[in-house]
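Structure, as structure tokens:
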Amino acid sequence: MGARENREALRQEAERLRAELDYHNWRYYVLDDPVIPDAAYDRLMRRLEEIEAAYPDLRTEDSPTQRVGVPAADLKERPPVTHSVPMLSLENVTSREELQDWLGRVEDGLGSARSPLIVEYKFDGAAIEVVYERGVLVQASTRGDGTVGEDVTANVKTIRELPPVLALPPSRMPARVELRGEVYMAKADFAALNAQAEAKDEKPFANPRNAAAGTLRQLDPRVTAARPLRVVLYGLGRAEGLEVGSQQELVAWCRSAGLPAPPMAKTAGGLDAVMALYEEVGAARAGLPFEIDGLVLKVDSFALRERLGVRARSPRWAVAFKFPPMQEMTRLRAIEVQVGRTGVLTPVAVMDPVYVSGVTVRNATLHNREEVARKGVKIGDMVIIQRAGDVIPEVLGPVVEMRTGKEREFEMPDACPACGTRVVFETDGPLVRCPNISCPKQVKERVRHFASRRAMDIEGLGEKLVDQLIDGGTIEDAADLYFLTVEDLKDLERMAEKSARNVIDAIAASRSRPLARVIHALGIPEVGEHSSQILAEHFGTIEALMAASEDDLQKVHGIGPVVAGTLATFFGSAATARFMARLRKGGVEFPPAARREGGVLVGKTVVLTGTLARMTRDEAKEAVLAAGGTAASSVSKKTNLVVAGEDAGSKLAKAKSLGIEVIDEEEFLRLLGRGG
Ligand code: IVH
């Protein structure tokens with residue numbers, strides 16, 4: 001056989017292999033019903049890789065082999081994706097009454113028309129949009145702020161259950177279709193991934209949602225490919241050449257095209273039927289292979305959806321019926337006291353491990369001594385723990401009935417558990433501090449914070465390494481990092497020349513981090529990521545910020561008097577001046593920042609109500625201001641948006657009665673571009 005014939009034979013074989021692999025991916029990931037063993041699958045994949053390696057021109061863009069190993073460079077710096085139809089969020093209801101209200105509003109809006117309601121799981125993952133052009137997967141993006149998202153095409157292409165090519169005959173192939181859905185991680189896959197991470201001494205993910213969102217936004221698609229992401233598609237953006245008129249038709253079409261459709265899409269007649277389903281799914285929830293945080297109710301007919309329309313950030317035709325946060329009971333073994341980077345002593349509950357709504361919880365902060373007293377917990381108590389908003393585990397309180405009499409009262413120590421220095425009890429608040437700024441624990445925490453992902457992002461400078469560097473006296477503070485050499489590192493425990501070189505390279509790379517990150521990295525009390533961004537955008541350069549008076553700082557939109565005070569104190573100190581000078585000398589560049597134009601809340605009046613889990617009320621206000629909005633204290637017709645935390649009361653009720661848009665904390669964070 002001549003070279004040409006041989007090549008033609010291989011082309012045909014490759015084509016056949018691709019079709020087979022796509023079919024097996026579909027059996028395995030969509031139907032959960034593989035027909036060949038993994039090893040056989042792997043053989044097919046290897047054969048295809050072999051052919052494509054020998055004849056690179058036989059490799060097609062949609063080949064199953066191309067779903068792994070796309071170079072990292074392809075993802076970095078990809079321009080953002082503007083969604084042609086905004087990706088909205090959902091209004092939440094949490095009770096029969098609220099649901100009834102919503103149903104009433106839908107009925108009113110529809111007049112005499114009627115449409116069934118479709119009930120689906122509310123998947124707890126990260127929203128995405130995928131675009132198929134003439135049947136080929138060409139683009140995937142995150143929701144971002146709803147209008148503009150990140151391009152995650154390379155990562156999404158690694159998700160095996162998403163076919164690179166739609167399984168439709170040419171006559172039924174739409175010219176272009178934008179599909180919306182959720183990327184998530186199955187509970188079992190999540191547990192396995194975390195077990196792996198722990199074995200490698202890496203930080204485990206907090207929950208499947210974080211793991212999915214983090215993996216989706218990974219810069220290296222090879223890392224994504226090695227992690228078990230899944231996807232489900234439940235919505236439609238713009239479509240050309242596709243005639244579907246309802247959710248049921250969409251779900252059926254997805255199935256016919258080989259796309260992963262919602263595993264449950266039930267029609268429900270009315271309030272009682274939805275309530276029954278809510279109870280049923282709620283009871284079965286823990287046994288599902290993936291995490292859900294509620295149900296989503298949607299008007300089936302697309303034409304009637306049009307009639308109902310959308311509000312600023314959520315449609316009137318759909319609602320999320322959320323499950324209550326999950327609670328569990330476990331034994332409080334001890335209350336440990338941790339020292340943070342500002343010297344604050346924090347009591348932390350150490351409990352027998354317990355699984356709460358998908359996460360194993362061992363520790364939970366008790367915040368401060370007043371909180372311990374308020375909760376009334378004693379060491380040895382059986383305690384109720386809850387994952388508030390399904391995110392942060394929280395100790396609610398003791399089960400007093402189960403006390404034996406052997407429980408012990410918690411007391412704040414007089415001396416810092418890390419350095420033994422006598423602690424200082426705040427007179428006007430609940431905080432207790434170690435006043436020794438050279439306290440090794442404080443120094444370690446400061447360096448750790450400095451190097452952390454959201455600050456200088458120094459990869460490889462983990463907890464253990466920081467401990468070694470400080471305990472061994474190699475560095476005394478974060479500025480010393482910039483004077484380290486491979487020589488300094490390579491003889492440390494668990495460090496080889498290669499990894500030492502990587503750490504030094506990572507430190508070098510951090511010299512050019514944007515100004516906002518550098519400010520955040522300094523760890524100034526009360527100055528978080530957001531304030532740092534505001535400061536960078538306002539002052540433009542580190543010199544201007546350092547030269548600002550407390551008065552100047554107070555005038556900055558979004559900077560409150562407390563933050564202005566701590567900033568002035570921080571930059572006024574001689575120790576800070578020396579530290580900044582050494583960062584400079586070490587080559588940190590402090591690149592000037594561009595000034596900000598506006599924010600997502602420009603012109604909007606926002607009311608905050610209830611308890612927020614991930615930020616204080618002040619931080620939330622600051623965030624509203626920083627995004628260009630106005631924070632008001634009471635709800636009126638002028639209110640554009642209400643952010644409702646836990647236990648929101650009359651303001652929430654008023655907002656609902658006025659038909660004002662209500663979002664929860666999670667949604668608020670996403671709106672600000674800080675969601676997971
Ligand atoms: S439909 C117009 N269906 O929940 C909004 N969303 O809190 C259409 N979600 O951003 C959304 N499961 O990421 C829809 N079955 C489902 C869903 C679902 C999870 C997410 C989605 C959305 C968020 C709203």
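Letters A, B, ... mark the chains of the structure tokens in the order given; residue numbers begin at 1 per chain; ligand numbers begin at 1, in order shown.
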
Exercise. What's the 12 Å shell around Ala536 of chain A, counting only C-alpha atoms, without same-chain residues fewer than 2 positions away, as an NGL selection string?
Worked result: :A and (514-520 or 527 or 529-534 or 538-546 or 553 or 556 or 559 or 590-596)

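For segment 302-318 of chain A, the non-local neighbours within 8 Å, defined as residues at least 5 positions apart in the same chain or in other chains and counting only C-alpha atoms, are Leu88, Ser89, Leu90, Glu91, Val106, Gly109, Leu110, Ala113, Ser115, Gly245, Ser246, Gln247, Val296, Leu297 and Glu661 of chain A.
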
Please report as a tab-separated table every residue of chain A lying within 9 Å of ligand 1, along with the nearest atom pair and their distance in Å (one decimal), using only C-alpha atoms and all ligand atoms.
```
residue	atom	partner	partner_atom_place_in_ligand_line	distance
A:Pro86	CA	ligand 1	2 (C)	8.6
A:Met87	CA	ligand 1	2 (C)	6.3
A:Leu88	CA	ligand 1	2 (C)	4.4
A:Ser89	CA	ligand 1	24 (C)	4.1
A:Leu90	CA	ligand 1	24 (C)	4.3
A:Glu91	CA	ligand 1	7 (O)	7.0
A:Asn92	CA	ligand 1	7 (O)	7.5
A:Val119	CA	ligand 1	15 (N)	7.9
A:Glu120	CA	ligand 1	15 (N)	4.9
A:Tyr121	CA	ligand 1	15 (N)	5.1
A:Lys122	CA	ligand 1	12 (N)	3.4
A:Phe123	CA	ligand 1	19 (C)	3.9
A:Asp124	CA	ligand 1	19 (C)	5.9
A:Gly125	CA	ligand 1	13 (O)	6.9
A:Ala126	CA	ligand 1	13 (O)	5.8
A:Ala127	CA	ligand 1	13 (O)	4.0
A:Ile128	CA	ligand 1	13 (O)	7.4
A:Arg143	CA	ligand 1	10 (O)	7.6
A:Gly146	CA	ligand 1	10 (O)	8.7
A:Arg180	CA	ligand 1	11 (C)	7.9
A:Gly181	CA	ligand 1	13 (O)	6.7
A:Glu182	CA	ligand 1	13 (O)	5.7
A:Val183	CA	ligand 1	13 (O)	8.7
A:Val232	CA	ligand 1	15 (N)	8.4
A:Leu233	CA	ligand 1	15 (N)	8.0
A:Tyr234	CA	ligand 1	3 (N)	5.5
A:Gly235	CA	ligand 1	1 (S)	6.1
A:Leu236	CA	ligand 1	8 (C)	8.8
A:Pro262	CA	ligand 1	15 (N)	6.9
A:Met264	CA	ligand 1	15 (N)	8.8
A:Ala265	CA	ligand 1	15 (N)	8.4
A:Ile292	CA	ligand 1	12 (N)	7.8
A:Asp293	CA	ligand 1	19 (C)	8.3
A:Gly294	CA	ligand 1	12 (N)	8.2
A:Leu295	CA	ligand 1	15 (N)	7.2
A:Val296	CA	ligand 1	15 (N)	5.4
A:Leu297	CA	ligand 1	3 (N)	7.9
A:Lys298	CA	ligand 1	1 (S)	7.6
A:Val310	CA	ligand 1	2 (C)	8.4
A:Arg313	CA	ligand 1	2 (C)	8.3
A:Ser314	CA	ligand 1	2 (C)	5.9
A:Pro315	CA	ligand 1	2 (C)	5.4
A:Arg316	CA	ligand 1	2 (C)	8.7
A:Trp317	CA	ligand 1	2 (C)	8.2
A:Ala318	CA	ligand 1	2 (C)	6.8
A:Val319	CA	ligand 1	5 (C)	8.2
A:Ala320	CA	ligand 1	7 (O)	6.6
A:Ile663	CA	ligand 1	7 (O)	8.8
A:Asp664	CA	ligand 1	7 (O)	8.8
A:Glu666	CA	ligand 1	7 (O)	8.4
A:Glu667	CA	ligand 1	7 (O)	6.8
```

Exercise. If you count only C-alpha atoms, which residues fall within 12 Å of Ser657 of chain A, apart from same-chain ones fewer than 2 positions away, as a PyMOL selection string?
Worked result: chain A and resi 98+101-102+105+635-637+650-655+659-662

Problem set entry | segment 472-482 of chain A environment, 6 Å, only C-alpha atoms, sequence neighbours closer than 2 positions dropped, as a ChimeraX atom specification | /A:447,468-470,484,582-583,586

Exercise. So which residues of segment 279-503 of chain A fall under helix (DSSP H, G or I) by DSSP, listed as a PyMOL selection string?
Worked result: chain A and resi 279-287+302-308+369-375+400-402+440-451+463-471+478-483+486-490+497-503

For this session: With a distance cut-off of 8 Å and only C-alpha atoms, select the neighbouring residues of Thr365 of chain A, excluding the residue or stretch itself and same-chain residues fewer than 2 positions from it, and output the selection as a PyMOL selection string.
Result: chain A and resi 346-349+363+367+394

Expected file contents, prior selection, N, CA and C atoms, as a PDB file, in the first residue's frame:
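See out-v6.pdb below for the written result:
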```
ATOM      1  N   THR A 346      -8.834  34.376  68.153  1.00  0.00           N
ATOM      2  CA  THR A 346     -10.161  33.918  67.763  1.00  0.00           C
ATOM      3  C   THR A 346     -10.431  32.530  68.324  1.00  0.00           C
ATOM      4  N   PRO A 347     -11.516  32.386  69.089  1.00  0.00           N
ATOM      5  CA  PRO A 347     -11.876  31.043  69.549  1.00  0.00           C
ATOM      6  C   PRO A 347     -12.475  30.230  68.406  1.00  0.00           C
ATOM      7  N   VAL A 348     -12.002  29.007  68.244  1.00  0.00           N
ATOM      8  CA  VAL A 348     -12.477  28.159  67.157  1.00  0.00           C
ATOM      9  C   VAL A 348     -12.998  26.841  67.738  1.00  0.00           C
ATOM     10  N   ALA A 349     -14.214  26.473  67.345  1.00  0.00           N
ATOM     11  CA  ALA A 349     -14.801  25.220  67.815  1.00  0.00           C
ATOM     12  C   ALA A 349     -14.156  24.054  67.089  1.00  0.00           C
ATOM     13  N   ASN A 363     -14.244  22.192  62.027  1.00  0.00           N
ATOM     14  CA  ASN A 363     -13.996  23.418  62.781  1.00  0.00           C
ATOM     15  C   ASN A 363     -14.978  24.494  62.373  1.00  0.00           C
ATOM     16  N   HIS A 367     -15.832  33.333  66.508  1.00  0.00           N
ATOM     17  CA  HIS A 367     -15.649  34.782  66.351  1.00  0.00           C
ATOM     18  C   HIS A 367     -14.933  35.461  67.517  1.00  0.00           C
ATOM     19  N   GLU A 394     -21.499  26.993  60.881  1.00  0.00           N
ATOM     20  CA  GLU A 394     -21.694  27.862  62.025  1.00  0.00           C
ATOM     21  C   GLU A 394     -22.244  27.033  63.182  1.00  0.00           C
TER      22      GLU A 394
END
```

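Atom to atom, atom CA of Gln139 of chain A and atom CA of Lys266 of chain A stand 29.6 Å apart.
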
Seminar exercise, completed: Atom pair atom CA of Leu396 of chain A + atom CA of Met326 of chain A, distance 11.6 Å

Exercise. So which residues touch segment 55-58 of chain A within 10 Å, counting only C-alpha atoms, skipping near sequence neighbours fewer than 5 positions away, as a PyMOL selection string?
Worked result: chain A and resi 7-8+10-12+14-15+49-50+63

Name the residues in contact with segment 155-170 of chain A at a cut-off of 7 Å, using only C-alpha atoms, excluding same-chain residues fewer than 3 positions from it; report them as an mmCIF file with N, CA, C and O atoms, in the first residue's frame.
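Output file selection.cif follows:
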```
data_model
loop_
_atom_site.group_PDB
_atom_site.id
_atom_site.type_symbol
_atom_site.label_atom_id
_atom_site.label_comp_id
_atom_site.auth_asym_id
_atom_site.auth_seq_id
_atom_site.Cartn_x
_atom_site.Cartn_y
_atom_site.Cartn_z
ATOM 1 N N ASP A 22 -16.940 9.536 21.039
ATOM 2 C CA ASP A 22 -18.044 10.433 21.369
ATOM 3 C C ASP A 22 -19.240 9.644 21.886
ATOM 4 O O ASP A 22 -19.898 10.030 22.853
ATOM 5 N N ASN A 25 -18.442 8.443 25.416
ATOM 6 C CA ASN A 25 -18.545 9.567 26.359
ATOM 7 C C ASN A 25 -20.004 9.833 26.705
ATOM 8 O O ASN A 25 -20.356 10.091 27.849
ATOM 9 N N TRP A 26 -20.817 9.762 25.698
ATOM 10 C CA TRP A 26 -22.244 10.017 25.899
ATOM 11 C C TRP A 26 -22.874 8.928 26.778
ATOM 12 O O TRP A 26 -23.582 9.209 27.736
ATOM 13 N N TYR A 29 -21.230 9.511 30.400
ATOM 14 C CA TYR A 29 -21.498 10.741 31.146
ATOM 15 C C TYR A 29 -22.944 11.193 31.081
ATOM 16 O O TYR A 29 -23.447 11.795 32.018
ATOM 17 N N VAL A 30 -23.601 10.960 29.981
ATOM 18 C CA VAL A 30 -24.981 11.421 29.878
ATOM 19 C C VAL A 30 -25.939 10.354 30.389
ATOM 20 O O VAL A 30 -26.827 10.629 31.179
ATOM 21 N N ASP A 62 -12.614 19.265 16.757
ATOM 22 C CA ASP A 62 -13.599 18.706 17.690
ATOM 23 C C ASP A 62 -13.225 17.297 18.166
ATOM 24 O O ASP A 62 -14.038 16.593 18.745
ATOM 25 N N ARG A 67 -9.945 17.550 23.897
ATOM 26 C CA ARG A 67 -10.578 18.016 25.114
ATOM 27 C C ARG A 67 -9.638 17.940 26.301
ATOM 28 O O ARG A 67 -9.997 18.220 27.405
ATOM 29 N N VAL A 68 -8.421 17.528 26.052
ATOM 30 C CA VAL A 68 -7.392 17.645 27.089
ATOM 31 C C VAL A 68 -6.179 18.303 26.471
ATOM 32 O O VAL A 68 -5.991 18.246 25.254
ATOM 33 N N GLY A 135 -23.607 22.998 14.829
ATOM 34 C CA GLY A 135 -23.430 21.745 15.539
ATOM 35 C C GLY A 135 -22.112 21.586 16.264
ATOM 36 O O GLY A 135 -21.915 20.609 16.975
ATOM 37 N N VAL A 136 -21.187 22.545 16.103
ATOM 38 C CA VAL A 136 -19.873 22.404 16.723
ATOM 39 C C VAL A 136 -19.766 23.328 17.935
ATOM 40 O O VAL A 136 -20.128 24.503 17.868
ATOM 41 N N LEU A 137 -19.273 22.762 19.021
ATOM 42 C CA LEU A 137 -19.070 23.559 20.238
ATOM 43 C C LEU A 137 -17.956 24.574 19.976
ATOM 44 O O LEU A 137 -16.806 24.196 19.762
ATOM 45 N N ALA A 140 -17.543 28.769 25.190
ATOM 46 C CA ALA A 140 -18.189 28.623 26.491
ATOM 47 C C ALA A 140 -17.746 29.790 27.356
ATOM 48 O O ALA A 140 -16.599 30.231 27.272
ATOM 49 N N VAL A 152 -14.268 30.536 28.876
ATOM 50 C CA VAL A 152 -13.748 29.302 29.466
ATOM 51 C C VAL A 152 -13.865 28.140 28.474
ATOM 52 O O VAL A 152 -14.025 26.991 28.855
ATOM 53 N N MET A 173 -29.884 20.433 12.117
ATOM 54 C CA MET A 173 -28.789 21.115 12.809
ATOM 55 C C MET A 173 -29.038 22.623 12.840
ATOM 56 O O MET A 173 -29.119 23.261 11.798
ATOM 57 N N LEU A 216 -13.448 25.413 36.727
ATOM 58 C CA LEU A 216 -13.915 26.020 35.481
ATOM 59 C C LEU A 216 -13.032 27.199 35.073
ATOM 60 O O LEU A 216 -12.810 27.453 33.905
ATOM 61 N N PRO A 221 -5.995 24.210 31.149
ATOM 62 C CA PRO A 221 -7.058 23.231 30.855
ATOM 63 C C PRO A 221 -6.635 21.795 31.141
ATOM 64 O O PRO A 221 -7.483 20.933 31.318
ATOM 65 N N THR A 224 -7.928 21.219 34.467
ATOM 66 C CA THR A 224 -9.379 21.031 34.389
ATOM 67 C C THR A 224 -9.708 19.633 33.887
ATOM 68 O O THR A 224 -10.594 18.965 34.417
ATOM 69 N N ALA A 225 -8.984 19.207 32.877
ATOM 70 C CA ALA A 225 -9.267 17.905 32.267
ATOM 71 C C ALA A 225 -9.109 16.774 33.278
ATOM 72 O O ALA A 225 -9.798 15.766 33.208
ATOM 73 N N LEU A 229 -15.423 17.444 36.106
ATOM 74 C CA LEU A 229 -16.535 18.392 35.999
ATOM 75 C C LEU A 229 -17.706 17.758 35.239
ATOM 76 O O LEU A 229 -17.517 16.932 34.362
ATOM 77 N N ARG A 230 -18.883 18.207 35.603
ATOM 78 C CA ARG A 230 -20.080 17.773 34.885
ATOM 79 C C ARG A 230 -20.863 19.009 34.475
ATOM 80 O O ARG A 230 -20.610 20.106 34.968
ATOM 81 N N ALA A 257 -30.190 15.761 20.956
ATOM 82 C CA ALA A 257 -28.920 16.221 20.388
ATOM 83 C C ALA A 257 -27.720 15.649 21.139
ATOM 84 O O ALA A 257 -26.584 15.986 20.847
ATOM 85 N N GLY A 258 -27.999 14.797 22.140
ATOM 86 C CA GLY A 258 -26.906 14.203 22.909
ATOM 87 C C GLY A 258 -26.370 15.117 23.993
ATOM 88 O O GLY A 258 -25.282 14.892 24.517
ATOM 89 N N LEU A 259 -27.129 16.160 24.318
ATOM 90 C CA LEU A 259 -26.687 17.115 25.336
ATOM 91 C C LEU A 259 -27.237 16.728 26.707
ATOM 92 O O LEU A 259 -28.324 16.171 26.802
ATOM 93 N N PRO A 260 -26.491 17.021 27.761
ATOM 94 C CA PRO A 260 -26.952 16.662 29.104
ATOM 95 C C PRO A 260 -28.110 17.568 29.557
ATOM 96 O O PRO A 260 -27.905 18.742 29.830
#
```
